[in-house]
$ cat protein_37.cif   # mmCIF, C-alpha atoms and all ligand atoms
data_data
#
loop_
_atom_site.label_atom_id
_atom_site.label_comp_id
_atom_site.auth_asym_id
_atom_site.auth_seq_id
_atom_site.Cartn_x
_atom_site.Cartn_y
_atom_site.Cartn_z
CA MET A 1373 35.07 100.28 85.65
CA ILE A 1374 35.69 97.05 87.60
CA THR A 1375 35.50 97.26 91.37
CA SER A 1376 37.14 94.98 93.92
CA ARG A 1377 35.95 94.15 97.42
CA GLU A 1378 38.73 93.89 100.00
CA ILE A 1379 38.87 93.44 103.76
CA HIS A 1380 40.73 96.16 105.68
CA LEU A 1381 42.01 95.98 109.25
CA ILE A 1382 40.77 99.10 111.06
CA ALA A 1383 41.66 98.30 114.70
CA ARG A 1384 43.38 95.37 116.40
CA PRO A 1385 40.93 92.87 117.94
CA PRO A 1386 41.95 92.60 121.62
CA ASP A 1387 41.32 88.93 122.32
CA ASP A 1388 38.97 87.22 119.88
CA LEU A 1389 37.77 87.44 116.31
CA PRO A 1390 37.44 90.97 114.94
CA VAL A 1391 33.99 92.57 115.17
CA PRO A 1392 32.53 95.12 112.71
CA GLY A 1393 34.49 98.35 113.21
CA GLU A 1394 37.74 96.41 113.69
CA VAL A 1395 37.55 95.11 110.11
CA ALA A 1396 35.64 96.53 107.15
CA MET A 1397 34.64 95.27 103.71
CA VAL A 1398 35.64 98.08 101.34
CA GLU A 1399 34.80 98.35 97.63
CA VAL A 1400 37.51 100.06 95.57
CA PRO A 1401 37.90 100.75 91.83
CA VAL A 1402 40.42 98.53 90.07
CA PRO A 1403 42.84 100.86 88.23
CA ALA A 1404 44.19 100.15 84.77
CA PRO A 1405 47.69 98.67 85.08
CA GLU A 1406 50.62 101.04 84.70
CA PRO A 1407 53.59 99.95 82.56
CA GLY A 1408 55.20 96.91 84.20
CA GLN A 1409 52.02 96.03 86.13
CA ALA A 1410 49.22 93.47 85.78
CA VAL A 1411 45.68 93.09 87.10
CA VAL A 1412 44.97 89.70 88.66
CA ARG A 1413 41.53 88.32 89.55
CA ASN A 1414 41.98 86.22 92.66
CA MET A 1415 40.76 82.63 92.57
CA TYR A 1416 41.90 81.14 95.91
CA MET A 1417 43.35 82.40 99.18
CA ALA A 1418 44.90 80.29 101.93
CA ILE A 1419 43.08 80.46 105.28
CA ASP A 1420 45.69 79.79 107.96
CA PRO A 1421 45.39 79.59 111.77
CA GLY A 1422 47.95 82.39 112.19
CA LEU A 1423 45.78 85.05 110.48
CA LEU A 1424 43.99 86.07 113.66
CA GLN A 1425 47.27 86.37 115.55
CA ARG A 1426 48.64 88.72 112.89
CA MET A 1427 45.71 91.09 113.48
CA ARG A 1428 46.45 91.32 117.19
CA ASP A 1429 48.82 93.58 119.06
CA LEU A 1430 51.38 91.04 120.22
CA SER A 1431 54.93 92.28 120.43
CA ASP A 1432 56.50 88.82 120.71
CA LEU A 1433 55.26 87.50 117.34
CA HIS A 1434 58.00 86.06 115.14
CA VAL A 1435 55.88 86.97 112.09
CA PRO A 1436 55.02 90.53 110.97
CA HIS A 1437 51.68 92.04 112.02
CA PHE A 1438 49.09 93.19 109.53
CA GLN A 1439 49.18 96.97 109.13
CA LEU A 1440 46.14 99.04 110.09
CA GLY A 1441 44.14 100.95 107.50
CA GLY A 1442 44.54 98.71 104.45
CA PRO A 1443 43.87 95.26 103.11
CA MET A 1444 45.60 92.39 104.90
CA TRP A 1445 48.01 90.15 102.99
CA GLY A 1446 48.51 86.41 102.55
CA HIS A 1447 49.11 83.74 99.92
CA ALA A 1448 46.69 83.80 96.99
CA ILE A 1449 46.39 82.46 93.47
CA GLY A 1450 44.77 84.39 90.67
CA GLU A 1451 44.46 84.76 86.94
CA VAL A 1452 45.93 87.66 84.97
CA VAL A 1453 43.02 89.58 83.39
CA GLU A 1454 44.92 92.65 82.15
CA SER A 1455 48.63 93.08 81.58
CA ALA A 1456 50.94 96.01 80.83
CA THR A 1457 54.09 93.90 80.88
CA PRO A 1458 55.40 91.41 78.29
CA GLU A 1459 56.34 89.06 81.18
CA LEU A 1460 52.69 88.29 82.01
CA GLN A 1461 49.99 87.23 79.59
CA VAL A 1462 46.22 87.38 80.09
CA GLY A 1463 45.23 83.92 81.34
CA ASP A 1464 48.49 83.26 83.24
CA VAL A 1465 47.86 81.76 86.69
CA VAL A 1466 50.04 83.42 89.32
CA LEU A 1467 50.95 83.05 93.00
CA HIS A 1468 51.29 86.22 95.10
CA HIS A 1469 50.79 87.78 98.55
CA MET A 1470 47.83 90.11 97.88
CA ALA A 1471 45.00 88.11 99.41
CA TRP A 1472 41.95 89.49 101.30
CA ARG A 1473 40.81 91.21 98.04
CA GLU A 1474 39.10 90.16 94.84
CA TYR A 1475 41.59 91.86 92.49
CA ALA A 1476 45.31 92.53 92.91
CA VAL A 1477 47.15 95.19 90.87
CA ALA A 1478 50.93 95.22 91.17
CA ASP A 1479 54.31 95.14 89.48
CA VAL A 1480 55.27 91.94 87.69
CA LYS A 1481 57.90 91.19 90.37
CA GLU A 1482 55.08 90.56 92.89
CA PHE A 1483 53.73 87.63 90.84
CA THR A 1484 55.10 84.13 90.22
CA VAL A 1485 53.68 82.37 87.17
CA LEU A 1486 52.60 78.82 88.07
CA ASP A 1487 53.08 75.70 86.03
CA THR A 1488 49.47 74.51 86.14
CA THR A 1489 50.44 70.98 85.08
CA ARG A 1490 52.54 70.43 88.21
CA TYR A 1491 49.64 69.38 90.48
CA PRO A 1492 46.25 67.81 89.73
CA SER A 1493 44.56 71.03 90.94
CA ILE A 1494 45.65 74.69 90.79
CA SER A 1495 44.65 75.08 94.45
CA HIS A 1496 47.33 72.54 95.44
CA HIS A 1497 49.91 75.30 94.90
CA LEU A 1498 48.56 76.84 98.14
CA SER A 1499 49.01 73.65 100.17
CA SER A 1500 51.17 73.69 103.30
CA ALA A 1501 53.27 70.84 101.95
CA ILE A 1502 56.49 72.88 101.88
CA VAL A 1503 56.19 73.32 105.68
CA ALA A 1504 55.64 69.60 106.20
CA TYR A 1505 58.41 68.66 103.77
CA CYS A 1506 61.05 70.90 105.36
CA GLY A 1507 59.99 69.88 108.87
CA VAL A 1508 60.15 66.17 108.12
CA ARG A 1509 63.52 66.52 106.38
CA ARG A 1510 65.02 68.57 109.22
CA ILE A 1511 63.78 66.35 112.07
CA GLY A 1512 65.20 63.38 110.16
CA ILE A 1513 62.83 60.41 110.16
CA GLU A 1514 64.71 57.12 110.62
CA HIS A 1515 63.61 53.62 109.78
CA GLY A 1516 61.81 52.17 112.81
CA ASP A 1517 60.72 55.52 114.26
CA THR A 1518 57.39 55.93 115.95
CA VAL A 1519 56.17 59.38 114.92
CA VAL A 1520 53.31 61.31 116.53
CA VAL A 1521 51.82 64.32 114.73
CA SER A 1522 49.42 66.81 116.31
CA SER A 1523 46.64 68.46 114.30
CA ALA A 1524 47.16 65.47 112.04
CA ALA A 1525 44.09 66.20 109.92
CA GLY A 1526 45.21 69.80 109.37
CA ALA A 1527 47.02 71.38 106.43
CA VAL A 1528 50.54 70.72 107.72
CA GLY A 1529 49.91 67.64 109.88
CA SER A 1530 48.08 65.68 107.19
CA VAL A 1531 51.13 65.90 104.90
CA VAL A 1532 53.65 65.30 107.71
CA GLY A 1533 52.15 61.91 108.49
CA GLN A 1534 52.22 60.80 104.86
CA LEU A 1535 55.81 61.98 104.32
CA ALA A 1536 57.00 60.38 107.58
CA ARG A 1537 55.62 57.07 106.39
CA LEU A 1538 57.30 57.44 102.97
CA ARG A 1539 60.60 58.23 104.73
CA GLY A 1540 60.57 54.96 106.66
CA ALA A 1541 58.71 55.56 109.92
CA THR A 1542 57.39 52.27 111.23
CA ARG A 1543 54.42 53.68 113.09
CA VAL A 1544 52.70 57.01 112.43
CA VAL A 1545 50.11 58.21 114.94
CA GLY A 1546 47.87 61.27 114.61
CA SER A 1547 46.36 63.42 117.32
CA VAL A 1548 43.14 65.02 116.03
CA GLY A 1549 40.04 66.80 117.28
CA SER A 1550 37.11 64.62 116.19
CA ALA A 1551 35.98 61.14 115.17
CA GLU A 1552 35.64 62.37 111.57
CA LYS A 1553 39.32 63.40 111.65
CA VAL A 1554 40.31 60.02 113.11
CA ARG A 1555 38.62 58.44 110.11
CA LEU A 1556 40.29 60.79 107.62
CA ALA A 1557 43.73 60.19 109.11
CA THR A 1558 43.52 56.41 109.24
CA GLU A 1559 41.38 55.66 106.18
CA GLU A 1560 42.53 58.29 103.67
CA LEU A 1561 45.88 59.62 104.83
CA GLY A 1562 47.58 56.35 105.77
CA PHE A 1563 48.17 57.00 109.49
CA ASP A 1564 48.49 53.71 111.39
CA GLU A 1565 46.50 55.08 114.30
CA ALA A 1566 44.79 58.29 115.35
CA PHE A 1567 43.16 59.44 118.58
CA ASP A 1568 40.86 62.29 119.60
CA TYR A 1569 42.94 64.48 121.93
CA HIS A 1570 39.78 65.67 123.71
CA ASP A 1571 39.97 62.30 125.54
CA GLY A 1572 43.63 62.99 126.50
CA TRP A 1573 46.67 61.23 125.08
CA PRO A 1574 46.32 57.41 125.24
CA GLU A 1575 48.12 55.81 128.19
CA ASP A 1576 49.34 52.98 125.95
CA LEU A 1577 50.88 55.14 123.21
CA GLY A 1578 54.23 53.40 123.72
CA GLY A 1579 57.60 55.00 123.15
CA VAL A 1580 57.62 57.95 120.77
CA ASP A 1581 60.80 58.80 118.83
CA VAL A 1582 59.58 61.88 116.98
CA TYR A 1583 56.83 64.32 117.91
CA TYR A 1584 55.87 66.83 115.19
CA ASP A 1585 54.14 69.53 117.21
CA ASN A 1586 51.59 71.80 115.54
CA VAL A 1587 49.64 72.86 118.63
CA GLY A 1588 51.90 73.33 121.70
CA GLY A 1589 50.07 73.65 125.02
CA TRP A 1590 49.18 70.65 127.14
CA GLN A 1591 49.70 68.22 124.25
CA LEU A 1592 53.38 69.16 124.24
CA ASP A 1593 53.48 68.31 127.95
CA SER A 1594 51.87 64.96 127.11
CA ALA A 1595 54.49 64.36 124.44
CA PHE A 1596 57.33 64.90 126.93
CA ASN A 1597 55.77 62.06 128.94
CA ALA A 1598 55.45 59.76 125.94
CA MET A 1599 58.89 60.34 124.40
CA ARG A 1600 61.65 57.74 124.44
CA PRO A 1601 65.06 58.91 125.74
CA HIS A 1602 66.86 60.96 123.05
CA GLY A 1603 63.54 61.57 121.25
CA ARG A 1604 63.23 64.55 118.88
CA ILE A 1605 60.48 67.16 118.95
CA LEU A 1606 59.90 69.61 116.10
CA LEU A 1607 58.10 72.72 117.35
CA CYS A 1608 56.28 73.83 114.19
CA GLY A 1609 53.11 75.53 115.46
CA SER A 1610 51.22 76.60 118.55
CA SER A 1611 47.57 76.52 117.49
CA GLU A 1612 46.47 76.32 121.13
CA GLU A 1613 47.70 79.92 121.46
CA HIS A 1614 46.26 81.21 118.18
CA ARG A 1615 42.75 81.42 119.54
CA SER A 1616 43.47 82.65 123.05
CA GLY A 1617 46.62 84.62 122.23
CA ARG A 1618 47.97 83.45 125.60
CA PRO A 1619 51.24 81.53 125.97
CA HIS A 1620 51.11 78.27 127.86
CA GLY A 1621 53.61 77.58 130.65
CA HIS A 1622 55.12 74.12 130.54
CA ARG A 1623 55.36 72.20 133.77
CA THR A 1624 57.48 69.24 132.78
CA MET A 1625 60.77 70.67 131.48
CA GLN A 1626 62.67 68.43 133.92
CA MET A 1627 61.60 65.54 131.70
CA VAL A 1628 63.26 67.17 128.69
CA ILE A 1629 66.53 67.15 130.63
CA GLY A 1630 66.11 63.67 132.13
CA LYS A 1631 65.25 62.11 128.76
CA ARG A 1632 67.86 64.16 126.84
CA LEU A 1633 65.17 65.25 124.40
CA THR A 1634 66.00 67.48 121.45
CA LEU A 1635 63.56 70.35 120.85
CA ILE A 1636 63.86 72.13 117.52
CA GLY A 1637 62.17 75.50 117.02
CA PHE A 1638 61.28 75.42 113.34
CA THR A 1639 60.43 78.12 110.81
CA THR A 1640 60.07 77.09 107.18
CA ASN A 1641 61.77 80.23 105.87
CA ASP A 1642 65.05 79.06 107.44
CA HIS A 1643 64.99 75.91 105.28
CA LEU A 1644 64.23 77.18 101.81
CA ASP A 1645 67.49 75.64 100.58
CA LEU A 1646 65.24 72.55 100.35
CA LEU A 1647 62.92 74.25 97.85
CA PRO A 1648 64.52 72.82 94.67
CA GLU A 1649 64.44 69.32 96.19
CA PHE A 1650 60.81 69.83 97.25
CA GLU A 1651 59.78 71.02 93.80
CA ARG A 1652 61.47 68.02 92.21
CA GLU A 1653 60.25 65.33 94.61
CA PHE A 1654 56.90 66.41 96.00
CA PRO A 1655 54.52 67.14 93.07
CA PRO A 1656 55.02 63.66 91.53
CA LEU A 1657 54.01 62.12 94.88
CA VAL A 1658 50.69 63.98 94.61
CA ARG A 1659 50.23 63.26 90.91
CA ASN A 1660 50.73 59.53 91.38
CA GLY A 1661 48.55 59.35 94.49
CA GLU A 1662 51.25 58.57 97.07
CA VAL A 1663 50.37 61.75 98.97
CA VAL A 1664 46.80 63.06 99.32
CA LEU A 1665 46.32 66.83 99.63
CA HIS A 1666 42.96 67.04 101.36
CA GLU A 1667 41.24 70.43 100.96
CA THR A 1668 38.17 72.25 102.31
CA PHE A 1669 36.77 75.18 100.31
CA VAL A 1670 34.90 78.18 101.73
CA ASP A 1671 33.11 80.35 99.16
CA GLY A 1672 33.15 84.17 99.06
CA LEU A 1673 35.16 86.91 100.74
CA ASP A 1674 32.37 87.68 103.22
CA GLN A 1675 32.80 84.17 104.66
CA LEU A 1676 36.49 84.74 105.45
CA ILE A 1677 36.29 85.98 109.07
CA PRO A 1678 33.75 83.32 110.15
CA ALA A 1679 35.93 80.73 108.41
CA ILE A 1680 38.98 81.72 110.49
CA LYS A 1681 36.91 81.03 113.62
CA SER A 1682 35.67 77.72 112.23
CA LEU A 1683 39.24 76.73 111.36
CA LEU A 1684 40.47 77.48 114.88
CA ASP A 1685 37.45 75.61 116.28
CA GLY A 1686 38.55 72.55 114.31
CA ALA A 1687 35.57 72.47 111.94
CA TYR A 1688 37.55 71.80 108.75
CA LEU A 1689 39.65 68.99 107.31
CA GLY A 1690 42.98 69.45 105.53
CA LYS A 1691 43.99 72.74 103.93
CA VAL A 1692 41.31 75.43 104.09
CA LEU A 1693 40.98 77.70 101.06
CA LEU A 1694 38.79 80.67 100.32
CA ARG A 1695 37.35 80.32 96.82
CA PHE A 1696 36.53 83.73 95.29
N1 LIG B 1 56.82 76.95 111.59
C1 LIG B 1 56.36 77.26 110.39
O1 LIG B 1 57.10 77.60 109.47
C2 LIG B 1 54.89 77.15 110.14
C3 LIG B 1 54.36 77.33 108.85
C4 LIG B 1 52.98 77.19 108.67
C5 LIG B 1 52.17 76.90 109.74
N2 LIG B 1 52.71 76.79 110.99
C6 LIG B 1 51.90 76.48 112.15
O2 LIG B 1 51.66 75.08 112.11
C7 LIG B 1 50.40 74.81 112.75
C8 LIG B 1 49.53 74.01 111.80
O3 LIG B 1 49.19 74.84 110.70
P1 LIG B 1 48.05 74.41 109.69
O4 LIG B 1 47.97 75.46 108.66
O5 LIG B 1 48.24 73.00 109.32
O6 LIG B 1 46.77 74.53 110.60
P2 LIG B 1 45.71 73.39 110.88
O7 LIG B 1 46.38 72.40 111.76
O8 LIG B 1 45.12 72.95 109.60
O9 LIG B 1 44.55 74.19 111.61
C9 LIG B 1 44.48 74.42 112.95
C10 LIG B 1 43.89 73.20 113.64
O10 LIG B 1 44.42 73.22 114.95
C11 LIG B 1 43.56 72.49 115.74
N3 LIG B 1 43.44 73.19 117.02
C12 LIG B 1 42.89 74.38 117.26
N4 LIG B 1 42.98 74.67 118.57
C13 LIG B 1 43.61 73.64 119.12
C14 LIG B 1 44.00 73.35 120.44
N5 LIG B 1 43.76 74.16 121.44
N6 LIG B 1 44.64 72.20 120.65
C15 LIG B 1 44.88 71.36 119.62
N7 LIG B 1 44.53 71.59 118.35
C16 LIG B 1 43.90 72.72 118.13
C17 LIG B 1 42.20 72.40 115.07
O11 LIG B 1 41.94 71.04 114.70
P3 LIG B 1 41.41 69.92 115.75
O12 LIG B 1 40.08 69.49 115.26
O13 LIG B 1 42.43 68.85 115.67
O14 LIG B 1 41.32 70.57 117.09
C18 LIG B 1 42.40 73.24 113.83
O15 LIG B 1 41.76 72.69 112.71
C19 LIG B 1 49.80 76.17 113.10
O16 LIG B 1 50.07 76.46 114.45
C20 LIG B 1 50.54 77.12 112.19
O17 LIG B 1 50.57 78.42 112.71
C21 LIG B 1 54.05 76.89 111.19
#
$ encode --input "protein_37.cif" --output "structure tokens"
Amino acid sequence: MITSREIHLIARPPDDLPVPGEVAMVEVPVPAPEPGQAVVRNMYMAIDPGLLQRMRDLSDLHVPHFQLGGPMWGHAIGEVVESATPELQVGDVVLHHMAWREYAVADVKEFTVLDTTRYPSISHHLSSAIVAYCGVRRIGIEHGDTVVVSSAAGAVGSVVGQLARLRGATRVVGSVGSAEKVRLATEELGFDEAFDYHDGWPEDLGGVDVYYDNVGGWQLDSAFNAMRPHGRILLCGSSEEHRSGRPHGHRTMQMVIGKRLTLIGFTTNDHLDLLPEFEREFPPLVRNGEVVLHETFVDGLDQLIPAIKSLLDGAYLGKVLLRF
């Protein structure tokens, strides 16, 4: 009998990472698949900054909470090890939502078989590129734009900068949290400039046409200051709130009015009409080296909770993946 370790949410952590008692590592038997089902051994799981927020009791979340008393969910990739459906073969690599566990057993409709030749690495199928792609397409980069991206060494931001450049931006600037991330952004990801936001936004940033916002908070205030009249801001993420859980009150809304700025609240799921275009255009950019998907791997399910903290603390570069 195979067993699977999985992490269950027992109680909602009030204001920081969960402590023992709020989450539990549980070992369960892996059942034989019923007709129409398959057993999948997980290989990778995406570690995202929103995971902690989904554990909390926040009524104003625009994403569903994790339920208490069972394993949490999230994007994962695994390999079919047992199948009771002709639609899945042993050895197929599949994408699904049953993360936080070593094995997933479910109906075939829960799994999407991946074309493993599409990207140089299987793990690239868990990248946040679809978020970056839809955001960049919807904000509409124009030739000559100066684009600033926050969390520019992160999973979304690192791809945004590269796509903005490919779409004709003249100057792409990254806001990041360390000197190592400045180096990654400028030397490997093709950003023209990058700065460490811990020193504040540079006074001489010049006029900004597009701000792709992944963090919210005081950096969004700083962007209002730096924007040119009629500038466009895409509100993609609010990482400043993910750790604290507290919303940040903006003090400079008058500037949004005075400068006639456009603020776009953005959720990828509203833009999935772009999926066929993304699947056609994006993987070749990675295969031929025009876009770099930088990844950091964390090994083993028992490292998952500490890794969420490290991610929010800014310890990692690019997309962070749990490797089972
Ligand atoms: N709208 C959508 O459809 C959508 C979809 C996916 C993700 N998102 C959101 O987009 C944002 C980026 O996602 P991601 O997966 O690429 O995460 P990420 O940027 O790779 O990871 C979070 C990063 O945020 C930075 N950070 C943490 N606290 C911060 C703070 N107080 N101020 C500034 N930066 C801080 C840290 O890097 P530093 O070293 O730079 O501090 C950390 O590495 C997240 O807020 C996420 O929830 C939105």
$ closest_residue --input "protein_37.cif" --among "A:Leu1460, A:Met1373, A:Leu1665, A:Leu1381" --to "ligand LIG 1 (chain B)" --atoms "all atoms listed in the file"
A:Leu1665
$ residues_near_ligand --input "protein_37.cif" --ligand "ligand LIG 1 (chain B)" --cutoff "6 Å" --atoms "all atoms listed in the file" --output "list in words"
Asp1420, Pro1421, Gly1422, Val1503, Ser1523, Gly1526, Ala1527, Val1528, Gly1529, Val1548, Gly1549, Ser1550, Asn1586, Val1587, Cys1608, Gly1609, Ser1610, Ser1611, Glu1612, Phe1638, Thr1639, Thr1640, Leu1683, Leu1684, Asp1685, Gly1686, Tyr1688, Gly1690 and Lys1691 of chain A
$ residues_near_point --input "protein_37.cif" --point "(53.7, 69.6, 105.1)" --cutoff "10 Å" --atoms "all atoms listed in the file" --output "VMD selection string"
chain A and resid 1499 to 1508 1526 to 1535 1665
$ closest_residue --input "protein_37.cif" --among "A:Leu1556, A:Val1477, A:Ile1374, A:Ala1679" --to "Gln1409 in chain A" --atoms "only C-alpha atoms"
A:Val1477
$ closest_residue --input "protein_37.cif" --among "A:Phe1696, A:Trp1590, A:Phe1567, A:Phe1438" --to "Glu1474 in chain A" --atoms "all atoms listed in the file"
A:Phe1696
$ closest_residue --input "protein_37.cif" --among "A:Thr1375, A:Asn1414, A:Thr1457, A:Thr1542" --to "Trp1472 in chain A" --atoms "all atoms listed in the file"
A:Asn1414
$ closest_residue --input "protein_37.cif" --among "A:Pro1492, A:Gly1446, A:Pro1436, A:Gly1579" --to "Gly1603 in chain A" --atoms "all atoms listed in the file"
A:Gly1579
$ atom_distance --input "protein_37.cif" --atom1 "CA of Met1417 in chain A" --atom2 "CA of Thr1488 in chain A"
16.4 Å
$ closest_residue --input "protein_37.cif" --among "A:Ile1680, A:Arg1384, A:Leu1633, A:Pro1648" --to "Asp1429 in chain A" --atoms "all atoms listed in the file"
A:Arg1384
$ atom_distance --input "protein_37.cif" --atom1 "CA of Val1580 in chain A" --atom2 "CA of Gly1637 in chain A"
18.5 Å
$ atom_distance --input "protein_37.cif" --atom1 "CA of Ala1410 in chain A" --atom2 "CA of Val1466 in chain A"
10.7 Å
$ residues_around --input "protein_37.cif" --residues "Asp1479 in chain A" --least-positions-apart "3" --cutoff "12 Å" --atoms "all atoms listed in the file" --output "PyMOL selection string"
chain A and resi 1405-1412+1455-1460+1468+1470+1476+1482-1484
$ residues_around --input "protein_37.cif" --residues "Phe1563 in chain A" --least-positions-apart "3" --cutoff "6 Å" --atoms "only C-alpha atoms" --output "list of chain:residue names"
A:Val1544, A:Val1545, A:Ala1557, A:Thr1558
$ decode --input "protein_37.cif" --residues "range 1577-1590 of chain A" --atoms "N, CA, C and O atoms" --output "PDB file, in the first residue's frame"
ATOM      1  N   LEU A1577      13.802  59.116 -11.625  1.00  0.00           N
ATOM      2  CA  LEU A1577      13.249  58.030 -12.436  1.00  0.00           C
ATOM      3  C   LEU A1577      12.740  58.540 -13.787  1.00  0.00           C
ATOM      4  O   LEU A1577      12.700  57.802 -14.772  1.00  0.00           O
ATOM      5  N   GLY A1578      12.379  59.813 -13.835  1.00  0.00           N
ATOM      6  CA  GLY A1578      11.856  60.376 -15.091  1.00  0.00           C
ATOM      7  C   GLY A1578      10.399  60.017 -15.248  1.00  0.00           C
ATOM      8  O   GLY A1578       9.794  59.409 -14.367  1.00  0.00           O
ATOM      9  N   GLY A1579       9.807  60.403 -16.357  1.00  0.00           N
ATOM     10  CA  GLY A1579       8.383  60.156 -16.555  1.00  0.00           C
ATOM     11  C   GLY A1579       8.106  58.698 -16.835  1.00  0.00           C
ATOM     12  O   GLY A1579       8.782  58.071 -17.651  1.00  0.00           O
ATOM     13  N   VAL A1580       7.096  58.167 -16.149  1.00  0.00           N
ATOM     14  CA  VAL A1580       6.730  56.754 -16.328  1.00  0.00           C
ATOM     15  C   VAL A1580       5.389  56.699 -17.066  1.00  0.00           C
ATOM     16  O   VAL A1580       4.436  57.385 -16.698  1.00  0.00           O
ATOM     17  N   ASP A1581       5.316  55.903 -18.120  1.00  0.00           N
ATOM     18  CA  ASP A1581       4.070  55.763 -18.891  1.00  0.00           C
ATOM     19  C   ASP A1581       3.217  54.616 -18.376  1.00  0.00           C
ATOM     20  O   ASP A1581       1.995  54.691 -18.374  1.00  0.00           O
ATOM     21  N   VAL A1582       3.894  53.527 -17.985  1.00  0.00           N
ATOM     22  CA  VAL A1582       3.179  52.330 -17.538  1.00  0.00           C
ATOM     23  C   VAL A1582       3.816  51.832 -16.244  1.00  0.00           C
ATOM     24  O   VAL A1582       5.034  51.668 -16.176  1.00  0.00           O
ATOM     25  N   TYR A1583       2.987  51.603 -15.236  1.00  0.00           N
ATOM     26  CA  TYR A1583       3.476  50.967 -14.013  1.00  0.00           C
ATOM     27  C   TYR A1583       2.727  49.642 -13.840  1.00  0.00           C
ATOM     28  O   TYR A1583       1.493  49.645 -13.715  1.00  0.00           O
ATOM     29  N   TYR A1584       3.468  48.540 -13.857  1.00  0.00           N
ATOM     30  CA  TYR A1584       2.882  47.209 -13.640  1.00  0.00           C
ATOM     31  C   TYR A1584       3.085  46.883 -12.168  1.00  0.00           C
ATOM     32  O   TYR A1584       4.199  46.596 -11.731  1.00  0.00           O
ATOM     33  N   ASP A1585       1.998  46.973 -11.403  1.00  0.00           N
ATOM     34  CA  ASP A1585       2.105  46.921  -9.948  1.00  0.00           C
ATOM     35  C   ASP A1585       1.844  45.525  -9.398  1.00  0.00           C
ATOM     36  O   ASP A1585       0.728  45.009  -9.485  1.00  0.00           O
ATOM     37  N   ASN A1586       2.863  44.944  -8.774  1.00  0.00           N
ATOM     38  CA  ASN A1586       2.714  43.628  -8.142  1.00  0.00           C
ATOM     39  C   ASN A1586       2.650  43.711  -6.627  1.00  0.00           C
ATOM     40  O   ASN A1586       2.433  42.694  -5.972  1.00  0.00           O
ATOM     41  N   VAL A1587       2.900  44.903  -6.059  1.00  0.00           N
ATOM     42  CA  VAL A1587       3.043  44.950  -4.593  1.00  0.00           C
ATOM     43  C   VAL A1587       2.086  45.907  -3.883  1.00  0.00           C
ATOM     44  O   VAL A1587       1.834  45.757  -2.700  1.00  0.00           O
ATOM     45  N   GLY A1588       1.536  46.907  -4.558  1.00  0.00           N
ATOM     46  CA  GLY A1588       0.660  47.883  -3.898  1.00  0.00           C
ATOM     47  C   GLY A1588       1.423  48.716  -2.889  1.00  0.00           C
ATOM     48  O   GLY A1588       2.626  48.966  -3.041  1.00  0.00           O
ATOM     49  N   GLY A1589       0.715  49.134  -1.808  1.00  0.00           N
ATOM     50  CA  GLY A1589       1.364  49.819  -0.695  1.00  0.00           C
ATOM     51  C   GLY A1589       2.033  51.121  -1.096  1.00  0.00           C
ATOM     52  O   GLY A1589       1.608  51.814  -2.023  1.00  0.00           O
ATOM     53  N   TRP A1590       3.094  51.456  -0.378  1.00  0.00           N
ATOM     54  CA  TRP A1590       3.726  52.762  -0.576  1.00  0.00           C
ATOM     55  C   TRP A1590       4.372  52.893  -1.953  1.00  0.00           C
ATOM     56  O   TRP A1590       4.531  53.994  -2.475  1.00  0.00           O
TER      57      TRP A1590
END
